[in-house]
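Peer 1: Sharing target_32.txt, compact mmCIF, C-alpha atoms:
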```
# COMPACT_ATOMS: atom_id res chain seq x y z
CA GLY I 66 0.00 0.00 0.00
CA PRO I 67 1.12 3.68 -0.09
CA GLN I 68 3.77 4.74 2.39
CA GLN I 69 2.73 6.93 5.35
CA ALA I 70 4.29 10.32 5.92
CA PRO I 71 6.88 10.52 8.69
CA GLY I 72 5.30 11.12 12.10
CA ALA I 73 1.80 10.28 11.00
CA VAL I 74 -0.24 8.22 13.40
CA ALA I 75 -1.80 5.15 11.87
CA THR I 76 -5.51 4.97 12.51
CA ALA I 77 -7.88 2.11 11.74
CA THR I 78 -11.12 2.98 10.06
CA ALA I 79 -13.96 1.30 11.92
CA PRO I 80 -16.76 -0.23 9.82
CA PRO I 81 -20.11 1.52 9.99
CA GLN I 82 -22.37 0.23 12.70
CA ALA I 83 -25.41 -1.78 11.79
CA ALA I 84 -28.75 -0.10 12.11
CA PHE I 85 -29.75 -2.77 14.62
CA HIS I 86 -27.28 -4.35 17.01
CA GLY I 87 -28.88 -7.76 16.74
CA GLY I 88 -27.19 -8.94 13.49
CA PRO I 89 -25.72 -8.07 10.11
CA GLN I 90 -27.41 -5.95 7.47
CA GLY I 91 -29.92 -4.42 9.82
CA ALA I 92 -31.44 -7.66 11.10
CA PRO I 93 -33.55 -7.12 14.21
CA ALA I 94 -32.13 -8.17 17.53
CA PRO I 95 -33.45 -11.37 19.12
CA GLY I 96 -36.64 -10.66 21.00
CA ASN I 97 -37.42 -7.52 18.96
CA GLY I 98 -39.06 -9.21 15.89
CA TYR I 99 -41.54 -7.62 13.50
CA THR I 100 -45.17 -7.70 14.53
CA SER I 101 -47.76 -7.64 11.76
CA PRO I 102 -50.67 -5.24 12.23
CA ILE I 103 -52.93 -7.85 10.56
CA PRO I 104 -54.22 -10.40 13.09
CA VAL I 105 -52.99 -13.92 12.33
CA THR I 106 -55.42 -16.75 13.07
CA ARG I 107 -55.21 -20.47 12.54
CA THR I 108 -57.42 -21.51 9.62
CA HIS I 109 -59.96 -24.30 9.92
CA LEU I 110 -62.78 -25.95 7.97
CA GLY I 111 -65.12 -23.07 8.69
CA HIS I 112 -62.98 -20.68 6.65
CA ALA I 113 -63.04 -23.08 3.69
CA ILE I 114 -66.83 -23.42 3.99
CA VAL I 115 -67.28 -19.63 3.94
CA SER I 116 -65.02 -19.40 0.91
CA GLU I 117 -66.89 -22.11 -1.01
CA TRP I 118 -70.25 -20.60 -0.10
CA THR I 119 -69.10 -17.26 -1.47
CA LYS I 120 -67.99 -18.91 -4.70
CA ILE I 121 -71.07 -21.04 -5.28
CA ARG I 122 -73.57 -18.25 -4.63
CA SER I 123 -71.74 -15.61 -6.65
CA VAL I 124 -71.55 -17.44 -9.99
CA ARG I 125 -74.38 -17.32 -12.52
CA SER I 126 -74.31 -21.05 -13.24
CA THR I 127 -75.67 -21.77 -9.76
CA VAL I 128 -78.58 -19.37 -10.14
CA TRP I 129 -79.48 -20.59 -13.62
CA THR I 130 -79.26 -24.33 -12.99
CA LEU I 131 -81.21 -24.23 -9.72
CA SER I 132 -83.81 -21.89 -11.21
CA VAL I 133 -84.33 -24.20 -14.18
CA MET I 134 -84.57 -27.18 -11.83
CA PHE I 135 -87.18 -25.41 -9.71
CA ALA I 136 -89.19 -24.37 -12.77
CA LEU I 137 -89.14 -27.90 -14.23
CA VAL I 138 -90.19 -29.65 -11.03
CA VAL I 139 -92.96 -27.24 -10.08
CA GLY I 140 -94.05 -26.37 -13.63
CA ILE I 141 -94.35 -29.94 -14.93
CA GLY I 142 -95.98 -31.00 -11.67
CA LEU I 143 -98.58 -28.24 -12.06
CA LEU I 144 -99.25 -29.11 -15.72
CA THR I 145 -99.61 -32.80 -14.85
CA ALA I 146 -102.05 -32.02 -12.05
CA LEU I 147 -104.07 -29.81 -14.38
CA GLY I 148 -104.26 -32.60 -16.93
CA LEU I 149 -105.39 -35.18 -14.39
CA SER I 150 -107.74 -33.02 -12.35
CA GLY I 151 -110.69 -33.60 -14.68
CA THR I 152 -110.69 -37.37 -14.22
CA ASP I 153 -112.32 -39.31 -11.40
CA PHE I 154 -109.54 -41.88 -10.95
CA VAL I 155 -106.02 -41.68 -12.39
CA GLY I 156 -104.82 -45.06 -11.14
CA MET I 157 -101.68 -43.83 -9.39
CA PRO I 158 -100.70 -42.54 -5.93
CA LEU I 159 -101.78 -39.01 -5.14
CA LEU I 160 -98.28 -37.47 -5.09
CA ALA I 161 -96.89 -39.52 -7.99
CA PRO I 162 -97.24 -36.77 -10.67
CA GLY I 163 -94.39 -34.90 -8.99
CA LEU I 164 -91.98 -37.53 -10.32
CA PHE I 165 -92.22 -36.43 -13.94
CA GLY I 166 -90.75 -32.97 -13.39
CA LEU I 167 -88.10 -34.26 -11.01
CA MET I 168 -86.82 -36.74 -13.59
CA LEU I 169 -85.77 -33.74 -15.71
CA GLY I 170 -84.90 -31.44 -12.81
CA GLN I 171 -82.32 -33.87 -11.44
CA ILE I 172 -80.21 -33.32 -14.58
CA CYS I 173 -79.73 -29.68 -13.52
CA VAL I 174 -78.52 -30.73 -10.06
CA ILE I 175 -76.15 -33.30 -11.54
CA THR I 176 -74.73 -30.72 -13.95
CA LEU I 177 -74.20 -28.20 -11.16
CA GLY I 178 -72.46 -30.83 -9.02
CA VAL I 179 -69.94 -31.45 -11.79
CA LEU I 180 -69.36 -27.74 -12.45
CA VAL I 181 -68.68 -26.98 -8.78
CA VAL I 182 -65.34 -28.76 -9.20
CA THR I 183 -64.51 -28.89 -12.90
CA SER I 184 -65.13 -25.20 -13.60
CA GLU I 185 -62.13 -24.30 -11.44
CA TYR I 186 -59.96 -26.81 -13.28
CA GLY I 187 -61.11 -25.41 -16.62
CA THR I 188 -60.26 -21.81 -15.73
CA GLY I 189 -57.10 -22.60 -13.75
CA MET I 190 -58.55 -21.07 -10.57
CA ILE I 191 -57.99 -24.36 -8.79
CA ARG I 192 -54.32 -23.35 -8.41
CA THR I 193 -55.35 -20.22 -6.54
CA THR I 194 -57.74 -22.22 -4.38
CA MET I 195 -55.10 -24.78 -3.46
CA THR I 196 -52.54 -22.05 -2.78
CA ALA I 197 -54.91 -20.28 -0.41
CA CYS I 198 -55.81 -23.61 1.23
CA PRO I 199 -52.88 -26.05 0.98
CA LYS I 200 -54.93 -28.76 2.69
CA ARG I 201 -56.66 -30.02 -0.45
CA GLY I 202 -58.93 -32.45 1.33
CA ARG I 203 -60.42 -29.57 3.29
CA VAL I 204 -61.39 -27.86 0.03
CA LEU I 205 -63.20 -30.96 -1.24
CA VAL I 206 -65.02 -31.43 2.06
CA ALA I 207 -66.14 -27.79 2.07
CA LYS I 208 -67.36 -28.00 -1.53
CA SER I 209 -69.26 -31.21 -0.76
CA LEU I 210 -70.98 -29.85 2.34
CA ILE I 211 -72.05 -26.58 0.75
CA PHE I 212 -73.29 -28.17 -2.45
CA PHE I 213 -75.14 -31.02 -0.74
CA LEU I 214 -77.00 -28.71 1.64
CA LEU I 215 -77.89 -26.28 -1.14
CA ALA I 216 -79.10 -29.03 -3.49
CA PHE I 217 -81.08 -30.75 -0.73
CA VAL I 218 -82.84 -27.58 0.42
CA MET I 219 -83.74 -26.42 -3.10
CA THR I 220 -84.89 -29.85 -4.30
CA THR I 221 -86.93 -30.54 -1.18
CA ALA I 222 -88.59 -27.13 -1.45
CA ALA I 223 -89.51 -27.74 -5.10
CA CYS I 224 -90.83 -31.23 -4.32
CA SER I 225 -92.84 -29.95 -1.35
CA ILE I 226 -94.55 -27.27 -3.44
CA THR I 227 -95.34 -29.85 -6.12
CA ALA I 228 -96.72 -32.26 -3.53
CA LEU I 229 -98.99 -29.52 -2.16
CA ILE I 230 -100.24 -28.76 -5.67
CA ASN I 231 -100.99 -32.42 -6.40
CA SER I 232 -102.62 -32.97 -3.03
CA THR I 233 -104.85 -29.93 -3.48
CA MET I 234 -105.89 -30.56 -7.08
CA LEU I 235 -106.19 -34.36 -7.09
CA SER I 236 -107.35 -35.23 -3.59
CA GLY I 237 -111.00 -35.26 -4.67
CA GLN I 238 -110.66 -38.10 -7.17
CA LYS I 239 -112.96 -41.01 -6.48
CA VAL I 240 -111.58 -44.51 -6.09
CA PRO I 241 -113.64 -47.34 -7.60
CA ALA I 242 -114.51 -50.17 -5.25
CA TYR I 243 -112.31 -52.66 -7.12
CA ALA I 244 -109.27 -50.38 -6.77
CA GLU I 245 -109.36 -50.15 -2.99
CA LYS I 246 -107.65 -53.54 -2.64
CA VAL I 247 -105.13 -53.19 -5.44
CA ASP I 248 -101.61 -53.56 -4.01
CA ALA I 249 -100.16 -51.17 -6.58
CA LEU I 250 -102.28 -48.36 -5.19
CA LYS I 251 -100.11 -46.99 -2.40
CA ASP I 252 -102.35 -44.11 -1.29
CA SER I 253 -104.78 -44.36 1.55
CA VAL I 254 -108.49 -44.38 0.84
CA GLU I 255 -110.89 -42.41 3.03
CA ASN I 256 -114.58 -42.08 2.16
CA GLY I 257 -113.83 -43.39 -1.30
CA GLU I 258 -111.25 -40.65 -2.04
CA LEU I 259 -107.47 -40.77 -2.34
CA VAL I 260 -105.38 -39.24 0.44
CA ALA I 261 -101.62 -39.30 0.99
CA ASP I 262 -100.34 -40.58 4.33
CA GLY I 263 -97.25 -39.43 6.19
CA SER I 264 -94.89 -42.00 4.70
CA GLN I 265 -95.82 -40.92 1.19
CA TRP I 266 -95.27 -37.26 2.01
CA LEU I 267 -91.88 -38.11 3.50
CA GLY I 268 -90.81 -40.05 0.42
CA ALA I 269 -92.08 -37.50 -2.11
CA THR I 270 -90.45 -34.54 -0.36
CA VAL I 271 -87.52 -35.29 1.96
CA GLY I 272 -86.72 -38.66 0.36
CA ALA I 273 -86.74 -37.24 -3.17
CA GLY I 274 -84.65 -34.26 -2.05
CA LEU I 275 -82.07 -36.55 -0.45
CA TYR I 276 -81.95 -38.81 -3.51
CA VAL I 277 -81.34 -35.99 -5.99
CA ALA I 278 -78.87 -34.25 -3.67
CA LEU I 279 -76.89 -37.50 -3.36
CA LEU I 280 -76.86 -37.86 -7.15
CA GLY I 281 -75.48 -34.33 -7.37
CA LEU I 282 -72.86 -35.12 -4.73
CA LEU I 283 -71.88 -38.23 -6.67
CA ALA I 284 -71.51 -36.02 -9.75
CA LEU I 285 -69.24 -33.71 -7.74
CA ALA I 286 -67.05 -36.66 -6.77
CA VAL I 287 -66.91 -37.89 -10.37
CA GLY I 288 -65.96 -34.37 -11.45
CA ALA I 289 -63.13 -34.34 -8.91
CA LEU I 290 -61.91 -37.68 -10.26
CA LEU I 291 -62.08 -36.81 -13.97
CA ARG I 292 -61.43 -33.03 -13.69
CA HIS I 293 -63.25 -32.53 -17.01
CA SER I 294 -66.78 -31.09 -17.31
CA ALA I 295 -67.96 -32.88 -20.45
CA GLY I 296 -66.51 -36.23 -19.40
CA ALA I 297 -68.01 -36.10 -15.90
CA ILE I 298 -71.47 -35.00 -17.11
CA THR I 299 -71.50 -37.74 -19.76
CA THR I 300 -70.48 -40.33 -17.17
CA MET I 301 -73.29 -39.29 -14.84
CA MET I 302 -75.89 -39.27 -17.61
CA GLY I 303 -74.84 -42.79 -18.53
CA LEU I 304 -75.04 -43.89 -14.91
CA VAL I 305 -78.55 -42.49 -14.49
CA LEU I 306 -80.10 -43.40 -17.84
CA LEU I 307 -78.19 -46.37 -19.24
CA PRO I 308 -79.39 -49.13 -16.84
CA LEU I 309 -83.05 -48.42 -17.58
CA VAL I 310 -82.48 -48.04 -21.34
CA LEU I 311 -80.59 -51.35 -21.49
CA ALA I 312 -83.29 -53.11 -19.49
CA LEU I 313 -85.99 -51.93 -21.90
CA PHE I 314 -84.20 -53.58 -24.83
CA MET I 315 -83.60 -56.90 -23.07
CA VAL I 316 -86.70 -58.77 -24.16
CA GLY I 317 -85.42 -62.37 -24.38
CA GLU I 318 -85.97 -64.95 -21.67
CA THR I 319 -82.24 -65.59 -21.34
CA LEU I 320 -81.71 -61.97 -20.30
CA GLU I 321 -84.65 -61.82 -17.92
CA LYS I 322 -82.55 -61.94 -14.76
CA VAL I 323 -80.18 -59.26 -16.04
CA ARG I 324 -83.15 -57.11 -17.04
CA GLU I 325 -84.69 -57.41 -13.58
CA VAL I 326 -81.46 -56.44 -11.85
CA LEU I 327 -80.87 -53.45 -14.11
CA MET I 328 -84.45 -52.28 -13.68
CA GLU I 329 -84.46 -52.75 -9.92
CA TYR I 330 -81.18 -50.97 -9.21
CA SER I 331 -81.42 -48.21 -11.80
CA PRO I 332 -81.31 -44.70 -10.26
CA LEU I 333 -84.60 -43.75 -11.94
CA ASN I 334 -86.33 -46.72 -10.29
CA GLY I 335 -85.06 -45.58 -6.91
CA LEU I 336 -86.55 -42.16 -7.47
CA ALA I 337 -89.84 -43.59 -8.79
CA SER I 338 -90.10 -45.95 -5.82
CA LEU I 339 -90.04 -42.99 -3.44
CA TYR I 340 -93.21 -41.83 -5.20
CA ARG I 341 -94.68 -45.35 -4.84
CA ILE I 342 -94.69 -46.11 -8.58
CA PRO I 343 -91.67 -48.46 -8.91
CA MET I 344 -90.54 -49.47 -12.39
CA SER I 345 -89.40 -52.91 -11.26
CA ASP I 346 -91.51 -56.00 -10.64
CA ASP I 347 -91.42 -55.38 -6.89
CA GLN I 348 -94.50 -53.19 -6.48
CA THR I 349 -93.96 -52.91 -2.70
CA ALA I 350 -90.65 -51.05 -3.06
CA THR I 351 -90.47 -47.74 -1.20
CA GLY I 352 -87.12 -46.46 -2.48
CA TRP I 353 -85.44 -46.08 0.89
CA PRO I 354 -83.14 -49.15 0.50
CA LEU I 355 -81.98 -47.84 -2.89
CA LEU I 356 -81.38 -44.46 -1.25
CA GLY I 357 -79.06 -46.20 1.22
CA ILE I 358 -77.19 -47.93 -1.61
CA LEU I 359 -76.78 -44.59 -3.39
CA ALA I 360 -75.39 -43.06 -0.19
CA ILE I 361 -72.80 -45.84 0.11
CA VAL I 362 -71.73 -45.52 -3.54
CA THR I 363 -71.45 -41.74 -3.16
CA ALA I 364 -69.35 -42.07 0.01
CA VAL I 365 -66.94 -44.52 -1.64
CA THR I 366 -66.54 -42.36 -4.74
CA LEU I 367 -66.02 -39.24 -2.65
CA THR I 368 -63.36 -41.03 -0.60
CA CYS I 369 -61.51 -42.02 -3.77
CA ALA I 370 -61.65 -38.42 -4.98
CA TYR I 371 -60.30 -37.26 -1.59
CA LEU I 372 -57.33 -39.64 -1.75
CA LEU I 373 -56.46 -38.82 -5.36
CA LEU I 374 -56.72 -35.08 -4.77
CA ASN I 375 -53.90 -35.28 -2.24
CA ARG I 376 -51.69 -37.38 -4.52
CA ARG I 377 -52.12 -35.73 -7.92
CA ASP I 378 -50.76 -32.42 -9.07
CA VAL I 379 -53.23 -29.65 -9.80
```
Would you encode the structure as structure tokens?

Peer 2:
Amino acid sequence: GPQQAPGAVATATAPPQAAFHGGPQGAPAPGNGYTSPIPVTRTHLGHAIVSEWTKIRSVRSTVWTLSVMFALVVGIGLLTALGLSGTDFVGMPLLAPGLFGLMLGQICVITLGVLVVTSEYGTGMIRTTMTACPKRGRVLVAKSLIFFLLAFVMTTAACSITALINSTMLSGQKVPAYAEKVDALKDSVENGELVADGSQWLGATVGAGLYVALLGLLALAVGALLRHSAGAITTMMGLVLLPLVLALFMVGETLEKVREVLMEYSPLNGLASLYRIPMSDDQTATGWPLLGILAIVTAVTLTCAYLLLNRRDV
């Protein structure tokens, strides 16, 4: 280095002091860390439920699909009651006309169940959702709870209104004497007129609402498995319609057993049995056992979707 002048006193230049004495480059001293003004709370399932409720109620697809479902169930039920009100005896249980609108309305619930999951995969928003909630299983549980409750409430409300319409407009139909002992007639008979008892009301309202809501939840699980809207909707339509369609074309004696099984366990037969007009040979079916089978199938499929969601990349 350069030589010092004679007599000069050598001095050492001290490095500048850190802004904080706790560490290099201005790091805060131990015990004096940064405190965020935003309160930090531990997240739980309730936060995910609030988030999913905000999403499902703020998109137009929810409003449109549920509105169409409501209009189909109530509208077709009203038109059917108007068409049958002029006859003395229609030959079916009092609340049975509500089935015809629900057979179409369930398609709307199934479609919405698929879109609850697959729409986020289609737009790429699922990455944002999983970033905000790294516990992926919690997201699926929240989606399932919100959708199931919403579908159940809306479907049960539509079925209840339809049942009231049918009960009001058709309760005066006269029952012939020969029909009072027919096993296929599931309505009660009082003073020669049809009336619906409590078990029929339960099946045509709460039972039908549970059945359709479970079908929608199964569609949600299939959507989570396939992650594709068109593929999941097509799969569900095949599951609902194909068993009955195949059974109708099996006319040979060799296929009789297969036809009976397909007819008995088809989803449409389960729904019709809740209205006391089963499509199978068992005219005493009430639909509740098939509702239990549907619940088990839905639970298994949802569990598979839960496990795969945690293993696959988004």

Peer 1: What is the CA of Thr130 in chain I to CA of Phe212 in chain I distance in Å?

Peer 2: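 About the pair CA of Thr130 in chain I and CA of Phe212 in chain I: they are 12.7 Å apart.
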
Peer 1: Could you tell me how far CA of Leu169 in chain I sits from CA of Glu329 in chain I, in Å to one decimal place?

Peer 2: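 These two atoms are separated by 19.9 Å.
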
Peer 1: For range 350-367 of chain I, list every protein, DNA or RNA residue within 12 Å, evaluated using only C-alpha atoms, and leave out those in the same chain fewer than 5 positions away; present the list as a PyMOL selection string.

Peer 2: chain I and resi 202+205-206+208-210+213+248-249+251+264-269+271-291+304-305+328-345+372-374

Peer 1: Go ahead and compute the interatomic distance for CA of Val310 in chain I and CA of Ala228 in chain I, in Å to one decimal.

Peer 2: 27.7 Å

Peer 1: Quick one: everything within 12 Å of His112 in chain I, counting all atoms listed in the file, minus sequence neighbours fewer than 2 positions away in the same chain. Send it as a PyMOL selection string.

Peer 2: chain I and resi 106-110+114-119+197-198+203-204+206-208

Peer 1: For a quick check of understanding, using only C-alpha atoms, which of I:Leu309, I:Val124, I:Leu131, I:Met302 has the smallest distance to Phe217 in chain I?

Peer 2: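 The shortest atom-to-atom distance to Phe217 in chain I comes from I:Leu131.
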
Peer 1: Nearest to Thr299 in chain I: which of I:Ile141, I:Met168, I:Val179, I:Ile121 is it, counting only C-alpha atoms?

Peer 2: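 Looking at the shortest contact to Thr299 in chain I, the residue is I:Val179.
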
Peer 1: Got a sec to check which residues sit within 10 Å of (-85.3, -28.9, -3.2), counting all atoms listed in the file, and write them as a tab-separated table (two decimals) with C-alpha atoms, keeping the file's coordinate frame?

Peer 2:
```tsv
chain	number	residue	atom	x	y	z
I	131	LEU	CA	-81.21	-24.23	-9.72
I	134	MET	CA	-84.57	-27.18	-11.83
I	135	PHE	CA	-87.18	-25.41	-9.71
I	138	VAL	CA	-90.19	-29.65	-11.03
I	167	LEU	CA	-88.10	-34.26	-11.01
I	170	GLY	CA	-84.90	-31.44	-12.81
I	174	VAL	CA	-78.52	-30.73	-10.06
I	214	LEU	CA	-77.00	-28.71	1.64
I	215	LEU	CA	-77.89	-26.28	-1.14
I	216	ALA	CA	-79.10	-29.03	-3.49
I	217	PHE	CA	-81.08	-30.75	-0.73
I	218	VAL	CA	-82.84	-27.58	0.42
I	219	MET	CA	-83.74	-26.42	-3.10
I	220	THR	CA	-84.89	-29.85	-4.30
I	221	THR	CA	-86.93	-30.54	-1.18
I	222	ALA	CA	-88.59	-27.13	-1.45
I	223	ALA	CA	-89.51	-27.74	-5.10
I	224	CYS	CA	-90.83	-31.23	-4.32
I	225	SER	CA	-92.84	-29.95	-1.35
I	226	ILE	CA	-94.55	-27.27	-3.44
I	270	THR	CA	-90.45	-34.54	-0.36
I	271	VAL	CA	-87.52	-35.29	1.96
I	273	ALA	CA	-86.74	-37.24	-3.17
I	274	GLY	CA	-84.65	-34.26	-2.05
I	275	LEU	CA	-82.07	-36.55	-0.45
I	277	VAL	CA	-81.34	-35.99	-5.99
I	278	ALA	CA	-78.87	-34.25	-3.67
```

Peer 1: Using all atoms listed in the file, can you list as a list of chain:residue names the residues within 8 Å of (-97.0, -32.7, -10.8)?

Peer 2: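 Residues close enough to count: I:Val138, I:Val139, I:Gly140, I:Ile141, I:Gly142, I:Leu143, I:Leu144, I:Thr145, I:Ala146, I:Leu160, I:Ala161, I:Pro162, I:Gly163, I:Leu164, I:Phe165, I:Gly166, I:Thr227, I:Ala228, I:Ile230, I:Asn231.
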
Peer 1: For the selection just defined, write its residues with C-alpha atoms to a file, as a PDB file, in the frame of the given file.

Peer 2:
```
ATOM      1  CA  VAL I 138     -90.190 -29.650 -11.030  1.00  0.00           C
ATOM      2  CA  VAL I 139     -92.960 -27.240 -10.080  1.00  0.00           C
ATOM      3  CA  GLY I 140     -94.050 -26.370 -13.630  1.00  0.00           C
ATOM      4  CA  ILE I 141     -94.350 -29.940 -14.930  1.00  0.00           C
ATOM      5  CA  GLY I 142     -95.980 -31.000 -11.670  1.00  0.00           C
ATOM      6  CA  LEU I 143     -98.580 -28.240 -12.060  1.00  0.00           C
ATOM      7  CA  LEU I 144     -99.250 -29.110 -15.720  1.00  0.00           C
ATOM      8  CA  THR I 145     -99.610 -32.800 -14.850  1.00  0.00           C
ATOM      9  CA  ALA I 146    -102.050 -32.020 -12.050  1.00  0.00           C
ATOM     10  CA  LEU I 160     -98.280 -37.470  -5.090  1.00  0.00           C
ATOM     11  CA  ALA I 161     -96.890 -39.520  -7.990  1.00  0.00           C
ATOM     12  CA  PRO I 162     -97.240 -36.770 -10.670  1.00  0.00           C
ATOM     13  CA  GLY I 163     -94.390 -34.900  -8.990  1.00  0.00           C
ATOM     14  CA  LEU I 164     -91.980 -37.530 -10.320  1.00  0.00           C
ATOM     15  CA  PHE I 165     -92.220 -36.430 -13.940  1.00  0.00           C
ATOM     16  CA  GLY I 166     -90.750 -32.970 -13.390  1.00  0.00           C
ATOM     17  CA  THR I 227     -95.340 -29.850  -6.120  1.00  0.00           C
ATOM     18  CA  ALA I 228     -96.720 -32.260  -3.530  1.00  0.00           C
ATOM     19  CA  ILE I 230    -100.240 -28.760  -5.670  1.00  0.00           C
ATOM     20  CA  ASN I 231    -100.990 -32.420  -6.400  1.00  0.00           C
TER      21      ASN I 231
END
```
